[in-house]
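Trainee: Sharing model-v7.tsv (TSV, C-alpha atoms) below.
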chain	number	residue	atom	x	y	z
A	1429	MET	CA	-36.30	115.20	56.36
A	1430	SER	CA	-33.38	116.91	54.64
A	1431	GLU	CA	-33.72	117.74	50.95
A	1432	LYS	CA	-30.05	117.06	50.27
A	1433	GLY	CA	-27.75	114.20	51.06
A	1434	GLU	CA	-27.50	110.54	50.17
A	1435	VAL	CA	-29.98	107.99	51.45
A	1436	ASP	CA	-28.80	104.69	52.89
A	1437	LEU	CA	-30.92	102.04	51.16
A	1438	THR	CA	-29.66	99.06	53.16
A	1439	GLY	CA	-33.17	98.41	54.45
A	1440	ALA	CA	-34.54	98.14	50.91
A	1441	LYS	CA	-31.73	95.86	49.79
A	1442	GLN	CA	-32.38	93.57	52.75
A	1443	ASN	CA	-36.11	93.65	51.97
A	1444	THR	CA	-36.82	94.66	55.56
A	1445	GLY	CA	-40.54	94.78	56.39
A	1446	VAL	CA	-41.90	96.99	59.18
A	1447	TRP	CA	-45.25	97.50	60.88
A	1448	LEU	CA	-46.95	100.89	61.09
A	1449	VAL	CA	-48.92	100.90	64.37
A	1450	LYS	CA	-51.13	103.65	65.80
A	1451	VAL	CA	-51.00	103.76	69.63
A	1452	PRO	CA	-52.95	105.72	72.29
A	1453	LYS	CA	-51.37	108.98	73.44
A	1454	TYR	CA	-51.00	107.90	77.08
A	1455	LEU	CA	-49.16	104.77	75.94
A	1456	SER	CA	-46.56	106.73	73.97
A	1457	GLN	CA	-46.10	108.99	77.01
A	1458	GLN	CA	-45.42	105.96	79.19
A	1459	TRP	CA	-42.95	104.60	76.67
A	1460	ALA	CA	-40.98	107.85	76.95
A	1461	LYS	CA	-40.37	107.06	80.63
A	1462	ALA	CA	-38.55	103.81	79.88
A	1463	THR	CA	-35.00	103.58	81.22
A	1464	GLY	CA	-32.05	101.30	80.62
A	1465	ARG	CA	-32.32	99.51	77.28
A	1466	GLY	CA	-35.62	101.21	76.55
A	1467	GLU	CA	-37.73	98.04	76.71
A	1468	VAL	CA	-41.40	98.99	77.11
A	1469	GLY	CA	-43.20	95.68	76.81
A	1470	LYS	CA	-43.77	92.55	74.75
A	1471	ILE	CA	-45.79	91.74	71.61
A	1472	ARG	CA	-47.55	88.41	71.39
A	1473	ILE	CA	-48.61	86.90	68.06
A	1474	CYS	CA	-50.92	83.94	68.32
A	1475	LYS	CA	-52.45	82.09	65.39
A	1476	LYS	CA	-55.39	79.78	65.95
A	1477	GLY	CA	-55.60	76.89	63.52
A	1478	ASN	CA	-53.94	76.54	60.16
A	1479	GLN	CA	-56.06	79.14	58.37
A	1480	GLY	CA	-57.08	81.37	61.29
A	1481	LYS	CA	-56.05	85.02	61.45
A	1482	ALA	CA	-53.19	85.92	63.73
A	1483	GLU	CA	-54.18	87.59	67.00
A	1484	VAL	CA	-51.68	90.24	68.07
A	1485	SER	CA	-51.52	91.99	71.44
A	1486	PHE	CA	-49.10	94.21	73.31
A	1487	THR	CA	-48.39	93.90	77.04
A	1488	LEU	CA	-46.90	96.94	78.79
A	1489	ASN	CA	-44.11	96.41	81.32
A	1490	GLU	CA	-45.25	96.59	84.94
A	1491	GLU	CA	-42.93	99.48	85.90
A	1492	LEU	CA	-44.52	101.73	83.27
A	1493	THR	CA	-48.14	101.33	84.34
A	1494	THR	CA	-48.36	104.13	86.96
A	1495	ILE	CA	-49.66	107.61	86.07
A	1496	GLU	CA	-49.78	110.45	88.59
A	1497	GLY	CA	-52.71	112.83	88.38
A	1498	ILE	CA	-54.04	115.86	90.22
A	1499	GLU	CA	-54.08	115.95	94.03
A	1500	ASP	CA	-51.51	113.13	94.14
A	1501	LYS	CA	-53.97	110.66	92.63
A	1502	THR	CA	-52.40	107.71	90.85
A	1503	VAL	CA	-53.94	105.21	88.47
A	1504	SER	CA	-52.63	102.14	86.74
A	1505	VAL	CA	-52.50	102.09	82.97
A	1506	PRO	CA	-54.01	98.98	81.37
A	1507	ARG	CA	-51.27	96.51	80.47
A	1508	ASP	CA	-53.04	94.56	77.74
A	1509	HIS	CA	-53.62	96.18	74.35
A	1510	PRO	CA	-55.05	94.07	71.49
A	1511	PHE	CA	-54.15	94.98	67.91
A	1512	THR	CA	-56.66	95.59	65.14
A	1513	MET	CA	-54.91	94.53	61.98
A	1514	GLN	CA	-55.34	96.56	58.79
A	1515	SER	CA	-54.08	96.11	55.25
A	1516	VAL	CA	-51.66	98.49	53.58
A	1517	GLY	CA	-54.27	99.04	50.92
A	1518	GLY	CA	-51.99	99.09	47.89
A	1519	GLN	CA	-49.98	102.02	49.26
A	1520	MET	CA	-46.20	102.11	49.14
A	1521	LEU	CA	-45.16	103.28	52.63
A	1522	ALA	CA	-41.65	103.35	54.00
A	1523	VAL	CA	-39.93	104.29	57.26
A	1524	PHE	CA	-36.90	106.58	57.25
A	1525	THR	CA	-34.61	107.71	60.05
A	1526	GLU	CA	-32.49	110.85	60.20
A	1527	THR	CA	-29.47	111.37	62.45
A	1528	SER	CA	-28.22	114.64	63.96
A	1529	SER	CA	-25.66	114.77	61.14
A	1530	ASP	CA	-28.52	114.76	58.58
A	1531	LYS	CA	-27.76	111.22	57.46
A	1532	ILE	CA	-30.91	109.54	56.14
A	1533	ALA	CA	-31.48	105.81	56.10
A	1534	LEU	CA	-34.34	103.65	54.85
A	1535	GLU	CA	-35.27	101.32	57.69
A	1536	GLY	CA	-37.82	99.29	55.76
A	1537	VAL	CA	-41.04	99.13	53.79
A	1538	VAL	CA	-44.40	99.02	55.60
A	1539	VAL	CA	-45.91	95.55	55.15
A	1540	GLN	CA	-48.60	95.72	57.84
A	1541	ARG	CA	-50.74	98.45	59.43
A	1542	ALA	CA	-52.42	98.07	62.80
A	1543	GLU	CA	-54.07	99.99	65.61
A	1544	CYS	CA	-53.11	99.29	69.21
A	1545	ARG	CA	-56.29	99.63	71.26
A	1546	THR	CA	-56.94	99.62	74.97
A	1547	ALA	CA	-58.80	96.67	76.41
A	1548	VAL	CA	-61.84	97.97	78.31
A	1549	SER	CA	-61.29	97.24	81.99
A	1550	GLU	CA	-61.62	98.83	85.42
A	1551	SER	CA	-58.13	100.35	85.18
A	1552	TYR	CA	-59.02	101.85	81.79
A	1553	MET	CA	-62.17	103.49	83.21
A	1554	LYS	CA	-60.12	104.97	86.08
A	1555	LEU	CA	-57.66	106.34	83.54
A	1556	LYS	CA	-60.44	108.01	81.57
A	1557	ARG	CA	-61.81	109.64	84.74
A	1558	LEU	CA	-58.35	110.97	85.57
A	1559	GLN	CA	-57.97	112.38	82.06
A	1560	ILE	CA	-61.35	114.13	82.36
A	1561	GLU	CA	-60.34	115.64	85.72
A	1562	GLU	CA	-57.04	116.83	84.27
A	1563	SER	CA	-58.72	118.48	81.28
A	1564	SER	CA	-61.27	120.28	83.51
A	1565	LYS	CA	-58.63	121.50	85.96
A	1566	PRO	CA	-58.47	125.35	85.81
A	1567	ALA	CA	-55.16	126.90	84.84
A	1568	ARG	CA	-55.26	129.10	87.96
A	1569	LEU	CA	-56.65	128.31	91.37
A	1570	SER	CA	-57.86	130.70	94.07
A	1571	GLN	CA	-57.29	129.73	97.67
A	1572	GLN	CA	-58.85	131.28	100.75
A	1573	LEU	CA	-56.35	132.11	103.52
A	1574	LEU	CA	-57.52	131.14	106.99
A	1575	LYS	CA	-55.10	133.54	108.67
A	1576	PRO	CA	-53.12	136.54	107.53
A	1577	VAL	CA	-49.68	135.97	106.09
A	1578	THR	CA	-47.10	137.50	108.42
A	1579	THR	CA	-43.86	135.76	107.51
A	1580	ASN	CA	-43.76	136.17	103.74
A	1581	TYR	CA	-43.91	139.12	101.36
A	1582	LYS	CA	-42.44	141.61	103.81
A	1583	PRO	CA	-42.16	145.09	102.30
A	1584	VAL	CA	-38.70	146.14	101.23
A	1585	ALA	CA	-37.25	149.21	102.89
A	1586	ASN	CA	-37.92	152.31	100.83
A	1587	HIS	CA	-34.96	153.42	98.75
A	1588	GLU	CA	-33.31	156.78	99.28
A	1589	TYR	CA	-34.13	158.06	95.80
A	1590	ASN	CA	-37.80	157.19	96.37
A	1591	ARG	CA	-37.85	159.19	99.60
A	1592	GLU	CA	-36.15	162.12	97.88
A	1593	TYR	CA	-38.69	162.02	95.06
A	1594	GLU	CA	-41.61	161.96	97.50
A	1595	ARG	CA	-40.12	164.86	99.47
A	1596	LYS	CA	-39.79	166.99	96.36
A	1597	LYS	CA	-43.24	166.00	95.21
A	1598	LYS	CA	-44.75	167.12	98.52
A	1599	GLU	CA	-42.86	170.41	98.46
A	1600	GLU	CA	-43.95	171.22	94.93
A	1601	GLY	CA	-47.48	170.11	95.71
A	1602	LYS	CA	-47.73	172.83	98.35
A	1603	ARG	CA	-46.75	175.51	95.86
A	1604	ALA	CA	-49.47	176.69	93.51
A	1605	ARG	CA	-48.37	178.15	90.19
A	1606	SER	CA	-48.75	181.89	90.08
A	1607	ASP	CA	-49.41	183.92	86.96
A	1608	LYS	CA	-46.32	184.06	84.77
A	1609	GLN	CA	-46.23	187.86	84.78
A	1610	GLN	CA	-46.30	187.89	88.59
A	1611	VAL	CA	-43.37	185.47	88.67
A	1612	LEU	CA	-41.44	187.61	86.17
A	1613	ASP	CA	-41.99	190.69	88.34
A	1614	MET	CA	-40.62	188.85	91.38
A	1615	LEU	CA	-37.59	187.63	89.42
A	1616	PHE	CA	-36.76	191.06	87.97
A	1617	SER	CA	-37.12	192.57	91.43
A	1618	ALA	CA	-34.70	189.98	92.85
A	1619	PHE	CA	-32.13	190.46	90.09
A	1620	GLU	CA	-32.15	194.21	90.76
A	1621	LYS	CA	-30.58	193.38	94.13
A	1622	HIS	CA	-28.12	190.68	93.06
A	1623	GLN	CA	-26.75	189.58	89.71
A	1624	TYR	CA	-26.47	185.82	90.49
A	1625	TYR	CA	-28.88	183.41	92.19
A	1626	ASN	CA	-28.97	179.65	92.59
A	1627	ILE	CA	-32.24	177.88	91.89
A	1628	LYS	CA	-32.92	177.13	95.57
A	1629	ASP	CA	-32.85	180.80	96.49
A	1630	LEU	CA	-35.15	181.70	93.61
A	1631	VAL	CA	-37.61	179.00	94.66
A	1632	ASP	CA	-37.65	180.47	98.18
A	1633	ILE	CA	-38.20	183.97	96.78
A	1634	THR	CA	-40.96	183.13	94.29
A	1635	LYS	CA	-42.56	180.14	96.11
A	1636	GLN	CA	-42.99	178.43	92.74
A	1637	PRO	CA	-42.48	174.78	91.71
A	1638	VAL	CA	-38.97	174.13	90.43
A	1639	THR	CA	-39.98	172.90	86.98
A	1640	TYR	CA	-42.33	175.83	86.43
A	1641	LEU	CA	-39.71	178.31	87.61
A	1642	LYS	CA	-37.04	176.88	85.30
A	1643	GLU	CA	-39.38	177.21	82.32
A	1644	ILE	CA	-39.66	180.94	82.99
A	1645	LEU	CA	-35.97	181.37	83.73
A	1646	ARG	CA	-35.02	179.88	80.36
A	1647	ASP	CA	-36.87	182.75	78.67
A	1648	ILE	CA	-35.10	185.55	80.54
A	1649	GLY	CA	-31.98	184.04	82.08
A	1650	ILE	CA	-28.70	182.25	81.49
A	1651	TYR	CA	-27.55	179.25	83.52
A	1652	ASN	CA	-23.82	179.32	84.28
A	1653	VAL	CA	-22.24	175.87	84.02
A	1654	LYS	CA	-18.66	176.92	84.71
A	1655	GLY	CA	-16.55	179.72	86.09
A	1656	THR	CA	-16.73	181.61	89.36
A	1657	HIS	CA	-20.54	181.66	89.38
A	1658	LYS	CA	-21.04	178.02	88.39
A	1659	ASN	CA	-24.55	176.58	88.90
A	1660	THR	CA	-26.21	179.98	89.18
A	1661	TRP	CA	-28.68	181.94	87.10
A	1662	GLU	CA	-28.34	185.52	85.79
A	1663	LEU	CA	-30.42	187.66	83.46
A	1664	LYS	CA	-29.80	187.75	79.74
A	1665	PRO	CA	-28.00	190.92	78.60
A	1666	GLU	CA	-31.16	192.48	77.18
A	1667	TYR	CA	-32.84	192.32	80.59
A	1668	ARG	CA	-29.97	193.59	82.72
A	1669	HIS	CA	-30.10	196.99	84.45
A	1670	TYR	CA	-26.97	196.81	86.58
A	1671	GLN	CA	-25.20	199.87	85.12
A	1672	ALA	CA	-25.67	203.11	86.99
A	1673	GLU	CA	-27.53	205.76	85.11
A	1674	GLU	CA	-25.38	208.58	83.70
A	1675	LYS	CA	-25.66	211.85	85.53
A	1676	THR	CA	-26.73	214.88	83.50
A	1677	ASP	CA	-25.37	218.39	84.04
A	1678	GLU	CA	-27.90	220.82	85.32
Could you write out this structure as structure tokens?

Mentor:
Amino acid sequence: MSEKGEVDLTGAKQNTGVWLVKVPKYLSQQWAKATGRGEVGKIRICKKGNQGKAEVSFTLNEELTTIEGIEDKTVSVPRDHPFTMQSVGGQMLAVFTETSSDKIALEGVVVQRAECRTAVSESYMKLKRLQIEESSKPARLSQQLLKPVTTNYKPVANHEYNREYERKKKEEGKRARSDKQQVLDMLFSAFEKHQYYNIKDLVDITKQPVTYLKEILRDIGIYNVKGTHKNTWELKPEYRHYQAEEKTDE
């Protein structure tokens, strides 16, 4: 209930009395299925004699008596529900309603408490069995297949990038990592012949995995990202020996 806003006290001014009735869970669920005007049943109040206590009972509408259970089982909800009347016990109880616009109204003051009980019958016992079956039903079920499934769950064609990844993985798997110094010797020997190499040629020369080879190249080489020799590797200046040695006079 909202903490702010005015309360419509029309119900108090009209001295409207209401009953507070406790009902079984299954009965409230059946009421929620009511269509049209929302009529769910009829209440009968019968008083025996001048001083006898009133006997109250509720009869559920016929169209709301069917409950579907597991494995397409259906049972009929008991229609007759006698009331057990209770006193308010000196308490001041009231019923309020609240609209979507947060408007609060006092519908009335509770003048009678009661409990709507189920009359024990064959239909009631069937309902209880259904409820027990529902509560013991496992959340997941395993089912044995009598024949293999051939029409469903067909594998999707492998994507191109997956095939490319597997191809590279197989190629690198065939190449065992050599000692770093051995790889450096092979690289320096290659760069003595040519100044620029692409990574594919260096892989062919050294027979090393690409990732491992790049780790070593970053220590001794420079990767060209633009210019005439774009996408190639060359040695860092401190490792280059391209200049011809100066001749000395004898």

Trainee: Mind giving me the straight-line distance from atom CA of A:Asp1436 to atom CA of A:Leu1534 in Å, one decimal?

Mentor: 6.0 Å

Trainee: Pick the closest to A:His1657 from A:Leu1448, A:Val1503, A:Asn1626, A:Val1631: which is it, counting only C-alpha atoms?

Mentor: A:Asn1626

Trainee: With a distance cut-off of 12 Å and only C-alpha atoms, select the neighbouring residues of A:Arg1646, excluding the residue or stretch itself and same-chain residues fewer than 5 positions from it, and output the selection as a list in words.

Mentor: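 These residues fall inside the cut-off: Leu1612, Thr1639, Tyr1640, Leu1641, Tyr1651, Asn1652, Trp1661, Glu1662, Leu1663 and Lys1664 of chain A.
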
Trainee: For A:Trp1447, which residue among A:Val1468, A:Ile1473, A:Ala1482, A:Val1538 is the nearest when counting only C-alpha atoms?

Mentor: A:Val1538

Trainee: My list of candidates is A:Lys1658, A:Lys1642, A:Arg1591, A:Lys1575. Which is closest to A:Val1611 when distances are computed with only C-alpha atoms?

Mentor: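 Closest to A:Val1611, using only C-alpha atoms: A:Lys1642.
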
Trainee: Expressed in Å to a single decimal, how great is the separation between atom CA of A:Leu1492 and atom CA of A:Lys1450?

Mentor: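 Between these atoms lies a distance of 18.8 Å.
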
Trainee: Using all atoms listed in the file, which of the listed residues (A:Ile1627, A:Thr1634, A:Pro1510, A:Glu1490) sits closest to A:Arg1472?

Mentor: A:Pro1510

Trainee: Which one is closest to A:Arg1545: A:Val1449, A:Val1435, A:Ala1618, A:Leu1569? Count only C-alpha atoms.

Mentor: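 Among the listed residues, the smallest separation from A:Arg1545 belongs to A:Val1449.
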
Trainee: What does the distance between atom CA of A:Tyr1454 and atom CA of A:Glu1483 come to in Å, to one decimal place?

Mentor: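 For atom CA of A:Tyr1454 relative to atom CA of A:Glu1483, the distance reads 22.9 Å.
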
Trainee: Using all atoms listed in the file, which residue out of A:Gln1610, A:Thr1660, A:Thr1493, A:Asn1443 lies closest to A:Val1539?

Mentor: A:Asn1443

Trainee: Please list as a list in words every residue within 10 Å of A:Val1484, counting only C-alpha atoms and excluding residues in the same chain fewer than 4 positions away.

Mentor: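 Result of the neighbour search: Ile1471, Arg1472, Ile1473, Cys1474, Lys1475, His1509, Pro1510, Phe1511, Thr1512, Met1513, Ala1542 and Cys1544 of chain A.
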
Trainee: Where atoms are missing, can you supply all heavy atoms for stretch 1559-1570 of chain A and output the lot as an mmCIF file, in the coordinates of the input?

Mentor:
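The file below, part-v2.cif, is the result:
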data_model
loop_
_atom_site.group_PDB
_atom_site.id
_atom_site.type_symbol
_atom_site.label_atom_id
_atom_site.label_comp_id
_atom_site.auth_asym_id
_atom_site.auth_seq_id
_atom_site.Cartn_x
_atom_site.Cartn_y
_atom_site.Cartn_z
ATOM 1 N N GLN A 1559 -58.186 111.496 83.194
ATOM 2 C CA GLN A 1559 -57.970 112.380 82.060
ATOM 3 C C GLN A 1559 -59.034 113.482 82.001
ATOM 4 O O GLN A 1559 -58.732 114.629 81.667
ATOM 5 C CB GLN A 1559 -57.975 111.568 80.764
ATOM 6 C CG GLN A 1559 -56.765 110.659 80.620
ATOM 7 C CD GLN A 1559 -56.839 109.773 79.395
ATOM 8 O OE1 GLN A 1559 -57.920 109.496 78.877
ATOM 9 N NE2 GLN A 1559 -55.684 109.306 78.928
ATOM 10 N N ILE A 1560 -60.278 113.133 82.344
ATOM 11 C CA ILE A 1560 -61.350 114.130 82.360
ATOM 12 C C ILE A 1560 -61.092 115.169 83.452
ATOM 13 O O ILE A 1560 -61.267 116.376 83.256
ATOM 14 C CB ILE A 1560 -62.718 113.462 82.566
ATOM 15 C CG1 ILE A 1560 -63.053 112.587 81.343
ATOM 16 C CG2 ILE A 1560 -63.810 114.495 82.794
ATOM 17 C CD1 ILE A 1560 -64.290 111.745 81.522
ATOM 18 N N GLU A 1561 -60.646 114.719 84.624
ATOM 19 C CA GLU A 1561 -60.340 115.640 85.720
ATOM 20 C C GLU A 1561 -59.188 116.572 85.342
ATOM 21 O O GLU A 1561 -59.211 117.768 85.646
ATOM 22 C CB GLU A 1561 -59.983 114.851 86.981
ATOM 23 C CG GLU A 1561 -61.169 114.115 87.598
ATOM 24 C CD GLU A 1561 -60.754 113.272 88.799
ATOM 25 O OE1 GLU A 1561 -59.565 113.309 89.150
ATOM 26 O OE2 GLU A 1561 -61.614 112.599 89.381
ATOM 27 N N GLU A 1562 -58.188 116.020 84.675
ATOM 28 C CA GLU A 1562 -57.040 116.830 84.270
ATOM 29 C C GLU A 1562 -57.461 117.898 83.265
ATOM 30 O O GLU A 1562 -57.009 119.038 83.330
ATOM 31 C CB GLU A 1562 -55.956 115.936 83.651
ATOM 32 C CG GLU A 1562 -55.234 115.041 84.648
ATOM 33 C CD GLU A 1562 -54.181 115.795 85.449
ATOM 34 O OE1 GLU A 1562 -54.040 117.013 85.259
ATOM 35 O OE2 GLU A 1562 -53.513 115.167 86.281
ATOM 36 N N SER A 1563 -58.306 117.530 82.313
ATOM 37 C CA SER A 1563 -58.720 118.480 81.280
ATOM 38 C C SER A 1563 -59.618 119.580 81.832
ATOM 39 O O SER A 1563 -59.645 120.689 81.304
ATOM 40 C CB SER A 1563 -59.449 117.740 80.149
ATOM 41 O OG SER A 1563 -60.623 117.115 80.647
ATOM 42 N N SER A 1564 -60.374 119.289 82.914
ATOM 43 C CA SER A 1564 -61.270 120.280 83.510
ATOM 44 C C SER A 1564 -60.598 121.097 84.600
ATOM 45 O O SER A 1564 -61.208 122.001 85.160
ATOM 46 C CB SER A 1564 -62.509 119.592 84.083
ATOM 47 O OG SER A 1564 -62.130 118.666 85.107
ATOM 48 N N LYS A 1565 -59.353 120.773 84.913
ATOM 49 C CA LYS A 1565 -58.630 121.500 85.960
ATOM 50 C C LYS A 1565 -58.337 122.918 85.476
ATOM 51 O O LYS A 1565 -57.760 123.105 84.411
ATOM 52 C CB LYS A 1565 -57.317 120.787 86.282
ATOM 53 C CG LYS A 1565 -56.467 121.505 87.315
ATOM 54 C CD LYS A 1565 -55.154 120.769 87.513
ATOM 55 C CE LYS A 1565 -54.246 121.530 88.484
ATOM 56 N NZ LYS A 1565 -52.937 120.845 88.649
ATOM 57 N N PRO A 1566 -58.733 123.957 86.238
ATOM 58 C CA PRO A 1566 -58.470 125.350 85.810
ATOM 59 C C PRO A 1566 -56.976 125.652 85.817
ATOM 60 O O PRO A 1566 -56.211 125.075 86.590
ATOM 61 C CB PRO A 1566 -59.224 126.188 86.840
ATOM 62 C CG PRO A 1566 -59.324 125.308 88.053
ATOM 63 C CD PRO A 1566 -59.447 123.906 87.525
ATOM 64 N N ALA A 1567 -56.582 126.544 84.922
ATOM 65 C CA ALA A 1567 -55.160 126.900 84.840
ATOM 66 C C ALA A 1567 -54.699 127.616 86.092
ATOM 67 O O ALA A 1567 -53.548 127.487 86.511
ATOM 68 C CB ALA A 1567 -54.934 127.787 83.615
ATOM 69 N N ARG A 1568 -55.599 128.377 86.738
ATOM 70 C CA ARG A 1568 -55.260 129.100 87.960
ATOM 71 C C ARG A 1568 -56.276 128.758 89.042
ATOM 72 O O ARG A 1568 -57.462 128.605 88.774
ATOM 73 C CB ARG A 1568 -55.256 130.604 87.725
ATOM 74 C CG ARG A 1568 -54.192 131.059 86.713
ATOM 75 C CD ARG A 1568 -54.211 132.552 86.555
ATOM 76 N NE ARG A 1568 -53.196 133.003 85.615
ATOM 77 C CZ ARG A 1568 -52.994 134.286 85.297
ATOM 78 N NH1 ARG A 1568 -53.744 135.218 85.849
ATOM 79 N NH2 ARG A 1568 -52.046 134.618 84.425
ATOM 80 N N LEU A 1569 -55.800 128.657 90.241
ATOM 81 C CA LEU A 1569 -56.650 128.310 91.370
ATOM 82 C C LEU A 1569 -56.622 129.431 92.399
ATOM 83 O O LEU A 1569 -55.576 130.026 92.657
ATOM 84 C CB LEU A 1569 -56.174 127.002 92.028
ATOM 85 C CG LEU A 1569 -56.234 125.735 91.171
ATOM 86 C CD1 LEU A 1569 -55.632 124.552 91.924
ATOM 87 C CD2 LEU A 1569 -57.670 125.413 90.785
ATOM 88 N N SER A 1570 -57.785 129.729 92.982
ATOM 89 C CA SER A 1570 -57.860 130.700 94.070
ATOM 90 C C SER A 1570 -57.977 129.935 95.383
ATOM 91 O O SER A 1570 -58.669 128.918 95.463
ATOM 92 C CB SER A 1570 -59.066 131.627 93.901
ATOM 93 O OG SER A 1570 -60.266 130.864 93.881
#
